[in-house]
file input05.txt (compact mmCIF, C-alpha atoms)
# COMPACT_ATOMS: atom_id res chain seq x y z
CA MET A 1 135.11 138.44 30.24
CA GLU A 2 131.79 139.86 31.38
CA ASN A 3 128.82 137.57 31.87
CA THR A 4 125.55 138.46 30.18
CA TYR A 5 122.28 138.03 32.05
CA HIS A 6 118.88 138.22 30.41
CA VAL A 7 116.34 139.57 32.87
CA GLY A 8 112.91 138.23 31.91
CA MET A 9 109.56 139.74 32.75
CA ALA A 10 109.11 139.96 36.53
CA ASP A 11 112.66 138.67 37.09
CA LEU A 12 115.25 140.17 39.37
CA VAL A 13 119.01 139.64 39.06
CA VAL A 14 121.85 140.90 41.30
CA VAL A 15 125.43 140.40 40.11
CA SER A 16 129.04 141.34 40.74
CA ALA A 17 131.06 143.07 38.00
CA PRO A 18 131.99 142.42 35.28
CA ALA A 19 128.52 141.79 33.93
CA LYS A 20 126.00 142.90 31.38
CA LEU A 21 122.31 142.95 32.28
CA ILE A 22 119.81 142.94 29.44
CA THR A 23 116.07 143.19 29.33
CA LEU A 24 114.12 143.05 26.08
CA GLY A 25 111.04 144.87 24.94
CA LEU A 26 109.99 147.00 27.89
CA GLY A 27 106.55 148.39 27.14
CA SER A 28 104.63 149.50 30.19
CA CYS A 29 107.15 147.60 32.35
CA ILE A 30 110.11 149.26 34.08
CA GLY A 31 113.72 148.27 33.77
CA LEU A 32 115.21 149.27 37.11
CA VAL A 33 118.97 149.26 37.69
CA ILE A 34 120.58 149.90 41.07
CA PHE A 35 124.37 149.85 41.35
CA ASP A 36 127.21 150.44 43.77
CA PRO A 37 130.27 151.39 41.66
CA VAL A 38 132.69 150.95 44.59
CA ALA A 39 131.65 147.44 45.63
CA LYS A 40 131.04 146.81 41.90
CA ILE A 41 127.63 145.27 42.36
CA ALA A 42 124.55 145.83 40.24
CA GLY A 43 120.97 144.65 40.26
CA MET A 44 118.24 144.77 37.64
CA ALA A 45 114.52 144.15 37.96
CA HIS A 46 111.88 143.97 35.23
CA ILE A 47 108.87 145.44 37.03
CA MET A 48 105.39 144.80 35.58
CA LEU A 49 102.99 146.41 38.05
CA PRO A 50 103.15 149.06 40.76
CA ASP A 51 101.66 147.32 43.71
CA SER A 52 101.44 143.77 45.10
CA ARG A 53 98.50 144.36 47.40
CA GLY A 54 95.94 142.83 45.03
CA ALA A 55 98.12 139.77 44.36
CA LYS A 56 97.19 136.35 45.63
CA THR A 57 100.07 134.03 46.41
CA ALA A 58 103.58 132.94 45.49
CA GLU A 59 104.11 135.73 43.01
CA LYS A 60 107.49 136.60 41.58
CA ILE A 61 109.24 139.22 43.70
CA GLY A 62 110.40 141.19 40.66
CA LYS A 63 106.87 141.58 39.34
CA PHE A 64 105.77 144.49 41.54
CA ALA A 65 107.56 147.76 42.28
CA ASP A 66 106.83 147.51 46.01
CA THR A 67 108.45 144.07 46.28
CA ALA A 68 111.19 144.49 43.67
CA VAL A 69 112.80 147.72 44.90
CA PRO A 70 113.48 146.59 48.52
CA THR A 71 114.56 143.12 47.35
CA VAL A 72 117.14 144.44 44.87
CA ILE A 73 118.56 146.64 47.66
CA ASP A 74 118.66 143.76 50.18
CA GLU A 75 120.25 141.31 47.74
CA MET A 76 122.91 143.90 46.88
CA ILE A 77 123.69 144.50 50.56
CA LYS A 78 124.04 140.73 51.03
CA LYS A 79 126.66 140.74 48.28
CA GLY A 80 128.58 143.53 50.00
CA ALA A 81 127.11 146.71 48.52
CA SER A 82 126.55 149.79 50.64
CA LYS A 83 123.15 151.44 50.54
CA ALA A 84 124.73 154.89 50.93
CA ARG A 85 126.64 154.45 47.67
CA MET A 86 123.75 153.04 45.65
CA LYS A 87 122.46 154.90 42.62
CA ALA A 88 119.56 154.04 40.37
CA LYS A 89 118.52 154.38 36.73
CA ILE A 90 115.17 153.50 35.23
CA ALA A 91 113.71 153.10 31.74
CA GLY A 92 110.31 152.05 30.43
CA GLY A 93 106.80 152.84 31.57
CA ALA A 94 105.44 153.57 28.11
CA GLN A 95 101.79 153.50 27.15
CA MET A 96 101.66 151.40 24.00
CA PHE A 97 98.07 152.15 22.99
CA ALA A 98 95.98 155.25 23.40
CA LEU A 99 92.21 155.04 23.08
CA PRO A 100 90.79 158.55 22.78
CA ASP A 101 87.26 157.88 24.00
CA ALA A 102 87.65 155.23 26.68
CA PRO A 103 88.62 154.98 30.31
CA THR A 104 92.24 153.92 30.00
CA ASP A 105 93.43 153.39 33.56
CA PHE A 106 94.48 149.88 32.67
CA LEU A 107 96.46 151.17 29.67
CA ALA A 108 98.24 153.80 31.77
CA VAL A 109 99.91 151.19 33.99
CA GLY A 110 103.26 152.42 32.64
CA SER A 111 102.99 155.84 34.27
CA ARG A 112 101.83 154.27 37.53
CA ASN A 113 104.88 151.99 37.40
CA VAL A 114 107.18 155.00 36.95
CA LYS A 115 105.53 156.93 39.76
CA GLU A 116 105.64 154.05 42.21
CA THR A 117 109.22 153.01 41.41
CA THR A 118 110.44 156.62 41.70
CA ALA A 119 108.65 157.06 45.03
CA LEU A 120 110.08 153.81 46.42
CA LEU A 121 113.62 154.79 45.46
CA ALA A 122 113.17 158.17 47.15
CA LYS A 123 111.78 156.47 50.24
CA ALA A 124 114.81 154.16 50.38
CA GLY A 125 117.08 157.19 50.01
CA ILE A 126 118.58 156.06 46.72
CA ALA A 127 119.39 158.74 44.15
CA LEU A 128 117.67 158.25 40.81
CA ILE A 129 120.40 159.71 38.61
CA ALA A 130 118.95 159.01 35.15
CA SER A 131 115.68 157.97 33.63
CA ASP A 132 114.04 157.55 30.25
CA THR A 133 110.36 156.87 30.78
CA GLY A 134 106.91 157.38 29.31
CA GLY A 135 106.04 157.94 25.68
CA ASN A 136 104.48 155.28 23.49
CA LYS A 137 107.48 153.27 22.30
CA GLY A 138 108.96 150.04 23.61
CA ARG A 139 112.54 149.97 24.87
CA THR A 140 115.27 147.34 25.05
CA VAL A 141 117.86 148.11 27.72
CA GLU A 142 121.39 146.94 28.45
CA PHE A 143 123.39 147.83 31.54
CA SER A 144 127.15 147.38 31.58
CA THR A 145 129.19 147.36 34.78
CA ASN A 146 132.21 148.50 32.74
CA THR A 147 130.71 151.94 32.20
CA TRP A 148 127.70 151.91 34.59
CA MET A 149 125.71 153.16 31.61
CA LEU A 150 122.23 152.06 30.68
CA THR A 151 121.94 151.78 26.90
CA ILE A 152 118.41 152.18 25.61
CA LYS A 153 117.31 151.02 22.18
CA THR A 154 114.04 152.35 20.83
CA LEU A 155 112.49 151.30 17.56
CA GLY A 156 113.06 153.97 14.91
CA LYS A 157 115.11 156.15 17.27
CA GLY A 158 118.30 154.17 17.67
CA LYS A 159 120.46 153.99 20.80
CA ALA A 160 120.96 156.35 23.71
CA ASP A 161 123.10 156.04 26.85
CA ILE A 162 121.87 157.36 30.15
CA MET B 1 86.43 135.60 40.80
CA LEU B 2 87.18 132.80 38.36
CA ASP B 3 90.38 130.94 38.90
CA LEU B 4 92.02 130.50 35.53
CA SER B 5 94.11 127.57 36.75
CA SER B 6 90.97 125.55 37.46
CA PHE B 7 89.64 125.79 33.91
CA ASN B 8 88.57 122.47 32.44
CA ASN B 9 88.70 121.24 28.86
CA LEU B 10 84.97 121.57 28.36
CA GLN B 11 85.18 125.25 29.25
CA LEU B 12 88.18 125.84 27.01
CA ASP B 13 86.35 124.05 24.18
CA ALA B 14 83.32 126.26 24.67
CA ILE B 15 85.49 129.38 24.54
CA ARG B 16 87.28 128.07 21.46
CA GLU B 17 83.88 127.66 19.77
CA VAL B 18 83.02 131.24 20.64
CA GLY B 19 86.30 132.24 19.02
CA ASN B 20 85.33 130.22 15.97
CA ILE B 21 82.04 132.07 15.57
CA GLY B 22 83.73 135.42 16.03
CA THR B 23 86.47 134.60 13.55
CA GLY B 24 83.98 133.42 10.95
CA ASN B 25 82.23 136.75 11.08
CA ALA B 26 85.50 138.69 11.02
CA ALA B 27 86.70 136.70 8.00
CA THR B 28 83.48 137.47 6.12
CA ALA B 29 83.78 141.19 6.85
CA LEU B 30 87.43 141.28 5.83
CA SER B 31 86.71 139.33 2.68
CA LYS B 32 84.11 141.92 1.66
CA LEU B 33 86.41 144.81 2.52
CA LEU B 34 89.40 143.52 0.57
CA SER B 35 87.45 141.60 -2.08
CA CYS B 36 89.49 138.47 -1.66
CA ALA B 37 89.22 135.01 -0.17
CA ILE B 38 90.08 134.69 3.51
CA ASP B 39 91.24 131.44 5.11
CA MET B 40 90.97 130.94 8.82
CA ASP B 41 92.44 128.47 11.24
CA VAL B 42 90.49 126.71 13.92
CA PRO B 43 90.96 129.07 16.87
CA ARG B 44 92.84 128.08 19.99
CA ALA B 45 91.83 128.93 23.52
CA ASP B 46 94.95 128.69 25.62
CA LEU B 47 96.02 129.46 29.13
CA VAL B 48 99.45 131.00 28.80
CA SER B 49 101.90 132.19 31.43
CA ILE B 50 101.99 135.99 31.35
CA TYR B 51 105.79 135.78 31.53
CA SER B 52 106.08 134.00 28.19
CA LEU B 53 103.37 135.64 26.10
CA ALA B 54 105.82 136.98 23.53
CA GLU B 55 107.42 133.56 23.06
CA TYR B 56 103.94 132.08 22.58
CA TYR B 57 103.50 134.31 19.52
CA GLY B 58 107.02 134.33 18.14
CA ASP B 59 110.20 136.35 18.43
CA PRO B 60 109.90 138.87 21.32
CA ASP B 61 112.18 141.26 19.44
CA ALA B 62 110.26 141.17 16.13
CA THR B 63 108.52 144.35 14.99
CA VAL B 64 104.78 143.96 14.76
CA ALA B 65 101.80 146.18 14.04
CA ALA B 66 98.82 145.95 16.35
CA VAL B 67 95.33 147.38 16.64
CA PHE B 68 93.75 147.44 20.07
CA VAL B 69 90.10 147.99 21.03
CA ARG B 70 88.12 147.70 24.23
CA SER B 71 84.62 146.40 24.35
CA LEU B 72 82.55 148.13 26.99
CA GLY B 73 79.29 146.80 28.30
CA GLU B 74 78.14 143.54 29.80
CA PHE B 75 80.76 141.51 28.00
CA GLY B 76 83.88 143.54 28.71
CA CYS B 77 87.01 142.49 26.91
CA SER B 78 90.11 143.68 25.14
CA LEU B 79 90.84 142.68 21.57
CA ILE B 80 94.07 142.92 19.63
CA PHE B 81 94.72 142.34 15.95
CA ILE B 82 98.41 141.66 15.57
CA GLN B 83 100.53 141.19 12.46
CA ASN B 84 104.12 141.11 11.29
CA GLU B 85 105.19 144.50 10.03
CA ASP B 86 105.41 143.27 6.43
CA ASP B 87 102.01 141.62 6.47
CA SER B 88 100.47 144.74 7.90
CA ALA B 89 102.06 146.96 5.26
CA MET B 90 100.82 144.65 2.48
CA MET B 91 97.31 144.59 3.89
CA VAL B 92 97.13 148.38 4.20
CA ASP B 93 98.56 148.76 0.71
CA ARG B 94 95.90 146.46 -0.68
CA LEU B 95 93.12 148.38 1.04
CA LEU B 96 94.37 151.77 -0.14
CA LYS B 97 94.96 150.59 -3.71
CA GLN B 98 91.43 149.30 -3.77
CA GLN B 99 90.04 152.62 -2.57
CA PHE B 100 92.22 154.96 -4.58
CA GLY B 101 93.45 152.81 -7.45
CA ASP B 102 96.43 154.07 -9.42
CA SER B 103 96.06 157.60 -8.12
CA LEU B 104 97.61 156.41 -4.84
CA PRO B 105 100.96 158.15 -4.27
CA ALA B 106 103.95 155.85 -3.69
CA GLU B 107 104.95 157.42 -0.37
CA LEU B 108 102.17 158.00 2.11
CA PRO B 109 102.52 159.72 5.47
CA GLN B 110 102.69 157.36 8.45
CA ASP B 111 99.55 158.74 10.08
CA MET B 112 97.53 157.91 6.98
CA LEU B 113 98.89 154.35 6.99
CA ASP B 114 98.13 154.06 10.71
CA SER B 115 94.64 155.29 10.18
CA ALA B 116 94.04 152.77 7.39
CA LEU B 117 95.39 150.00 9.62
CA ALA B 118 93.16 151.15 12.48
CA GLU B 119 90.18 150.96 10.16
CA VAL B 120 90.88 147.41 8.97
CA GLY B 121 91.62 146.32 12.53
CA ASN B 122 88.44 147.93 13.72
CA ILE B 123 86.34 146.12 11.12
CA ILE B 124 87.93 142.77 11.94
CA LEU B 125 87.62 143.17 15.71
CA SER B 126 84.13 144.61 15.78
CA SER B 127 82.82 141.87 13.48
CA PHE B 128 84.44 139.33 15.78
CA LEU B 129 82.80 140.91 18.77
CA ASN B 130 79.39 141.40 17.15
CA ALA B 131 79.10 137.68 16.52
CA ILE B 132 79.89 136.88 20.14
CA ASN B 133 77.46 139.41 21.52
CA MET B 134 74.79 138.08 19.18
CA LEU B 135 75.47 134.57 20.43
CA ILE B 136 75.22 135.35 24.10
CA GLY B 137 72.63 138.11 23.79
CA THR B 138 74.60 141.02 25.24
CA LYS B 139 74.93 144.63 24.13
CA HIS B 140 78.29 146.24 23.72
CA GLN B 141 80.04 149.38 22.69
CA ILE B 142 83.44 149.33 21.10
CA THR B 143 86.09 152.04 21.60
CA VAL B 144 87.94 153.91 18.89
CA PRO B 145 90.94 151.72 17.97
CA GLY B 146 94.50 152.39 19.11
CA VAL B 147 97.44 151.49 16.84
CA ALA B 148 101.01 150.60 17.80
CA ARG B 149 104.03 149.45 15.82
CA ASP B 150 106.69 148.09 18.07
CA MET B 151 108.50 145.08 19.50
CA LEU B 152 106.22 142.09 20.06
CA ALA B 153 107.33 141.85 23.69
CA SER B 154 106.49 145.50 24.41
CA ILE B 155 103.04 145.25 22.86
CA LEU B 156 102.13 142.08 24.71
CA GLN B 157 102.97 143.73 28.04
CA VAL B 158 99.54 145.32 27.73
CA VAL B 159 98.12 141.81 27.99
CA ALA B 160 100.53 140.81 30.75
CA SER B 161 99.62 143.80 32.88
CA ILE B 162 95.86 143.26 32.47
CA PHE B 163 96.08 139.62 33.59
CA GLY B 164 99.01 140.26 35.93
CA GLU B 165 96.73 142.12 38.33
CA MET B 166 94.95 138.83 38.97
CA GLY B 167 97.61 136.17 38.68
CA ASP B 168 100.20 134.57 36.46
CA MET B 169 98.05 133.21 33.64
CA ALA B 170 96.31 134.82 30.69
CA LEU B 171 93.41 133.30 28.78
CA LEU B 172 93.90 133.91 25.09
CA VAL B 173 91.56 133.14 22.27
CA ASN B 174 93.80 133.16 19.30
CA THR B 175 93.12 132.74 15.63
CA GLU B 176 94.87 133.37 12.37
CA LEU B 177 93.38 134.88 9.22
CA ARG B 178 95.08 134.52 5.87
CA MET B 179 94.25 136.79 2.99
CA GLY B 180 94.65 135.17 -0.42
CA GLY B 181 94.67 136.55 -3.93
CA THR B 182 98.30 137.63 -4.13
CA ASP B 183 101.55 135.77 -4.66
CA ARG B 184 102.06 135.86 -0.91
CA HIS B 185 99.51 135.29 1.82
CA ILE B 186 98.93 138.03 4.34
CA SER B 187 98.42 136.77 7.89
CA GLY B 188 97.12 138.33 11.06
CA ASN B 189 96.14 137.15 14.52
CA ILE B 190 93.05 138.07 16.48
CA VAL B 191 93.60 137.91 20.21
CA MET B 192 90.61 138.12 22.53
CA LEU B 193 91.18 138.84 26.22
CA PRO B 194 87.93 138.63 28.18
CA ASP B 195 87.73 140.47 31.50
CA PRO B 196 87.31 138.07 34.43
CA ASP B 197 83.65 138.90 35.06
CA ALA B 198 82.96 138.74 31.32
CA LEU B 199 84.53 135.31 31.24
CA GLU B 200 82.22 134.18 33.99
CA LEU B 201 79.23 135.58 32.11
CA LEU B 202 80.35 133.87 28.92
CA LEU B 203 80.74 130.47 30.58
CA ARG B 204 77.34 130.82 32.25
CA LYS B 205 75.61 131.69 29.00
CA LEU B 206 77.28 128.73 27.34
CA GLN B 207 76.14 126.59 30.27
CA VAL B 208 79.58 125.29 31.13
CA LEU B 209 79.82 126.93 34.56

call {"tool": "encode", "arguments": {"input": "input05.txt", "output": "structure tokens"}}
result
Amino acid sequence: MENTYHVGMADLVVVSAPAKLITLGLGSCIGLVIFDPVAKIAGMAHIMLPDSRGAKTAEKIGKFADTAVPTVIDEMIKKGASKARMKAKIAGGAQMFALPDAPTDFLAVGSRNVKETTALLAKAGIALIASDTGGNKGRTVEFSTNTWMLTIKTLGKGKADI
Amino acid sequence: MLDLSSFNNLQLDAIREVGNIGTGNAATALSKLLSCAIDMDVPRADLVSIYSLAEYYGDPDATVAAVFVRSLGEFGCSLIFIQNEDDSAMMVDRLLKQQFGDSLPAELPQDMLDSALAEVGNIILSSFLNAINMLIGTKHQITVPGVARDMLASILQVVASIFGEMGDMALLVNTELRMGGTDRHISGNIVMLPDPDALELLLRKLQVL
């Protein structure tokens, strides 16, 4: 019987198989999954923002790409995963609203999240084997350690596995 | 920069009153537009954890329609008009029927519906904002509205990421409008999200800082 974990905004969860990791309603946020199919360990983070440098204190580790990515990797290694076998999948990073005539840096946080998360994975030497990012629709994602597939549900578009 | 966690009740009350003035004006404008009576609630000014914004409004998974505008100028803020999908569809239908009467085709393309929704949202949000700028004596410019239909949780991540840059709390001025005149009321929420420096300006002008 697999356990189901709901990963809330800015949360980070690392588990051993069998497990299902779910995160609801990703808009500009990123659902990051890293897994080691041999050690059967997976981690998910619900990343809100690219960069923790402007943050004050005692923030959640999963909130920022630059704190979430290394922490998921470390927690997985602590559980017995090997960094060399780790693979990653990401979904999210949409821009929900577009304002044609305004500076929209703050609305484009989704694409900055994608860019930063992708760069951090590359820096850590972890292969990003699948991604579904950008656009203007929210996504609900589910990762199963039975199949190592990330199932993405988008409103009006149905389900897709990556 | 203002620390949201150190807000006192007097300040929240002052902001709530600002919300009240804005909502009154928005209700009047909407009432004229739709030719019906509009009820409004007493607004709330709440400090909410950015991690539970969706729960604050309802079911994170529910489909909602939202109109977003930015106010540029001295009093910078973001404003969202957010409704259940059904309420939004009924409101748009009422507006279009009023404009086009019986000549309105049964099936309209989505972009036309979106554009009608953007227009109603724009009227509500700019009336809201006009009243506030009048009150505190600032000039503003409002952007063209953006429309989204999606999961509540996804839409509110816009709010979470704006406030998330600064901390863990969001200040929301929240009010509900109810449109009468049919067998079922149509509801919608106005959410005002002042920028931090705008918030400071607002509190100063209201003499509670």

call {"tool": "residues_around", "arguments": {"input": "input05.txt", "residues": "range 140-150 of chain B", "least_positions_apart": "2", "cutoff": "6 Å", "atoms": "all atoms listed in the file", "output": "number ranges by chain"}}
result
A: 97-99; B: 63-73, 118

call {"tool": "interface_residues", "arguments": {"input": "input05.txt", "of": "chain A", "to": "chain B", "cutoff": "7 Å", "atoms": "all atoms listed in the file", "output": "PDB file with C-alpha atoms, in the coordinates of the input"}}
result
ATOM      1  CA  MET A   9     109.560 139.740  32.750  1.00  0.00           C
ATOM      2  CA  GLY A  25     111.040 144.870  24.940  1.00  0.00           C
ATOM      3  CA  LEU A  26     109.990 147.000  27.890  1.00  0.00           C
ATOM      4  CA  GLY A  27     106.550 148.390  27.140  1.00  0.00           C
ATOM      5  CA  SER A  28     104.630 149.500  30.190  1.00  0.00           C
ATOM      6  CA  MET A  48     105.390 144.800  35.580  1.00  0.00           C
ATOM      7  CA  LEU A  49     102.990 146.410  38.050  1.00  0.00           C
ATOM      8  CA  GLY A  54      95.940 142.830  45.030  1.00  0.00           C
ATOM      9  CA  ALA A  55      98.120 139.770  44.360  1.00  0.00           C
ATOM     10  CA  LYS A  56      97.190 136.350  45.630  1.00  0.00           C
ATOM     11  CA  MET A  96     101.660 151.400  24.000  1.00  0.00           C
ATOM     12  CA  PHE A  97      98.070 152.150  22.990  1.00  0.00           C
ATOM     13  CA  ALA A  98      95.980 155.250  23.400  1.00  0.00           C
ATOM     14  CA  LEU A  99      92.210 155.040  23.080  1.00  0.00           C
ATOM     15  CA  PRO A 100      90.790 158.550  22.780  1.00  0.00           C
ATOM     16  CA  ASP A 101      87.260 157.880  24.000  1.00  0.00           C
ATOM     17  CA  ALA A 102      87.650 155.230  26.680  1.00  0.00           C
ATOM     18  CA  PHE A 106      94.480 149.880  32.670  1.00  0.00           C
ATOM     19  CA  LEU A 107      96.460 151.170  29.670  1.00  0.00           C
ATOM     20  CA  LYS A 137     107.480 153.270  22.300  1.00  0.00           C
ATOM     21  CA  GLY A 138     108.960 150.040  23.610  1.00  0.00           C
ATOM     22  CA  LEU A 155     112.490 151.300  17.560  1.00  0.00           C
TER      23      LEU A 155
END

call {"tool": "atom_distance", "arguments": {"input": "input05.txt", "atom1": "CA of Met91 in chain B", "atom2": "CA of Ala170 in chain B"}}
result
28.5 Å

call {"tool": "closest_residue", "arguments": {"input": "input05.txt", "among": "A:Pro18, A:Ala91, A:Val109, A:Gly80", "to": "Thr140 in chain A", "atoms": "all atoms listed in the file"}}
result
A:Ala91

call {"tool": "residues_near_point", "arguments": {"input": "input05.txt", "point": "(118.4, 142.7, 44.9)", "cutoff": "9 Å", "atoms": "only C-alpha atoms", "output": "PyMOL selection string"}}
result
chain A and resi 12-15+34+42-45+68-78

call {"tool": "residues_around", "arguments": {"input": "input05.txt", "residues": "Ala65 in chain A", "least_positions_apart": "3", "cutoff": "12 Å", "atoms": "all atoms listed in the file", "output": "PyMOL selection string"}}
result
chain A and resi 10-12+29-32+45-53+60-62+68-72+90+93+109-110+112-121

call {"tool": "residues_around", "arguments": {"input": "input05.txt", "residues": "Asp161 in chain A", "least_positions_apart": "5", "cutoff": "7 Å", "atoms": "only C-alpha atoms", "output": "number ranges by chain"}}
result
A: 149-152

call {"tool": "atom_distance", "arguments": {"input": "input05.txt", "atom1": "CA of Glu176 in chain B", "atom2": "CA of Glu17 in chain B"}}
result
14.4 Å

call {"tool": "closest_residue", "arguments": {"input": "input05.txt", "among": "A:Ala160, A:Ile41, A:Met86, A:Ala17", "to": "Glu142 in chain A", "atoms": "all atoms listed in the file"}}
result
A:Ala160

call {"tool": "closest_residue", "arguments": {"input": "input05.txt", "among": "B:Ser78, B:Thr23, B:Asn133, B:Ser5", "to": "Leu193 in chain B", "atoms": "only C-alpha atoms"}}
result
B:Ser78

call {"tool": "residues_around", "arguments": {"input": "input05.txt", "residues": "Leu47 in chain B", "least_positions_apart": "6", "cutoff": "12 Å", "atoms": "only C-alpha atoms", "output": "list of chain:residue names"}}
result
B:Asp3, B:Leu4, B:Ser5, B:Ser6, B:Phe7, B:Asn8, B:Asn9, B:Gln11, B:Leu12, B:Ile15, B:Arg16, B:Leu53, B:Tyr56, B:Phe163, B:Gly167, B:Asp168, B:Met169, B:Ala170, B:Leu171, B:Leu172, B:Val173, B:Asn174, B:Leu193

call {"tool": "write_last_selection", "arguments": {"input": "input05.txt", "atoms": "C-alpha atoms", "output": "mmCIF file, in the frame of the given file"}}
result
data_model
loop_
_atom_site.group_PDB
_atom_site.id
_atom_site.type_symbol
_atom_site.label_atom_id
_atom_site.label_comp_id
_atom_site.auth_asym_id
_atom_site.auth_seq_id
_atom_site.Cartn_x
_atom_site.Cartn_y
_atom_site.Cartn_z
ATOM 1 C CA ASP B 3 90.380 130.940 38.900
ATOM 2 C CA LEU B 4 92.020 130.500 35.530
ATOM 3 C CA SER B 5 94.110 127.570 36.750
ATOM 4 C CA SER B 6 90.970 125.550 37.460
ATOM 5 C CA PHE B 7 89.640 125.790 33.910
ATOM 6 C CA ASN B 8 88.570 122.470 32.440
ATOM 7 C CA ASN B 9 88.700 121.240 28.860
ATOM 8 C CA GLN B 11 85.180 125.250 29.250
ATOM 9 C CA LEU B 12 88.180 125.840 27.010
ATOM 10 C CA ILE B 15 85.490 129.380 24.540
ATOM 11 C CA ARG B 16 87.280 128.070 21.460
ATOM 12 C CA LEU B 53 103.370 135.640 26.100
ATOM 13 C CA TYR B 56 103.940 132.080 22.580
ATOM 14 C CA PHE B 163 96.080 139.620 33.590
ATOM 15 C CA GLY B 167 97.610 136.170 38.680
ATOM 16 C CA ASP B 168 100.200 134.570 36.460
ATOM 17 C CA MET B 169 98.050 133.210 33.640
ATOM 18 C CA ALA B 170 96.310 134.820 30.690
ATOM 19 C CA LEU B 171 93.410 133.300 28.780
ATOM 20 C CA LEU B 172 93.900 133.910 25.090
ATOM 21 C CA VAL B 173 91.560 133.140 22.270
ATOM 22 C CA ASN B 174 93.800 133.160 19.300
ATOM 23 C CA LEU B 193 91.180 138.840 26.220
#

call {"tool": "atom_distance", "arguments": {"input": "input05.txt", "atom1": "CA of Ala88 in chain A", "atom2": "CA of Ile129 in chain A"}}
result
6.0 Å

call {"tool": "residues_around", "arguments": {"input": "input05.txt", "residues": "Ile124 in chain B", "least_positions_apart": "2", "cutoff": "8 Å", "atoms": "only C-alpha atoms", "output": "VMD selection string"}}
result
chain B and resid 26 to 27 29 to 30 81 120 to 122 126 to 128

call {"tool": "closest_residue", "arguments": {"input": "input05.txt", "among": "B:Asp59, B:Phe75, B:Glu200, B:Asn20", "to": "Pro43 in chain B", "atoms": "only C-alpha atoms"}}
result
B:Asn20

call {"tool": "closest_residue", "arguments": {"input": "input05.txt", "among": "B:Asp197, B:Arg204, B:Ile186, B:Val42", "to": "Ile82 in chain B", "atoms": "all atoms listed in the file"}}
result
B:Ile186

call {"tool": "closest_residue", "arguments": {"input": "input05.txt", "among": "A:Tyr5, A:Phe143, A:Phe64, A:Phe35", "to": "Ser82 in chain A", "atoms": "all atoms listed in the file"}}
result
A:Phe35

call {"tool": "residues_near_point", "arguments": {"input": "input05.txt", "point": "(80.2, 127.7, 23.6)", "cutoff": "12 Å", "atoms": "only C-alpha atoms", "output": "PyMOL selection string"}}
result
chain B and resi 9-22+45+132+135-136+199+201-209
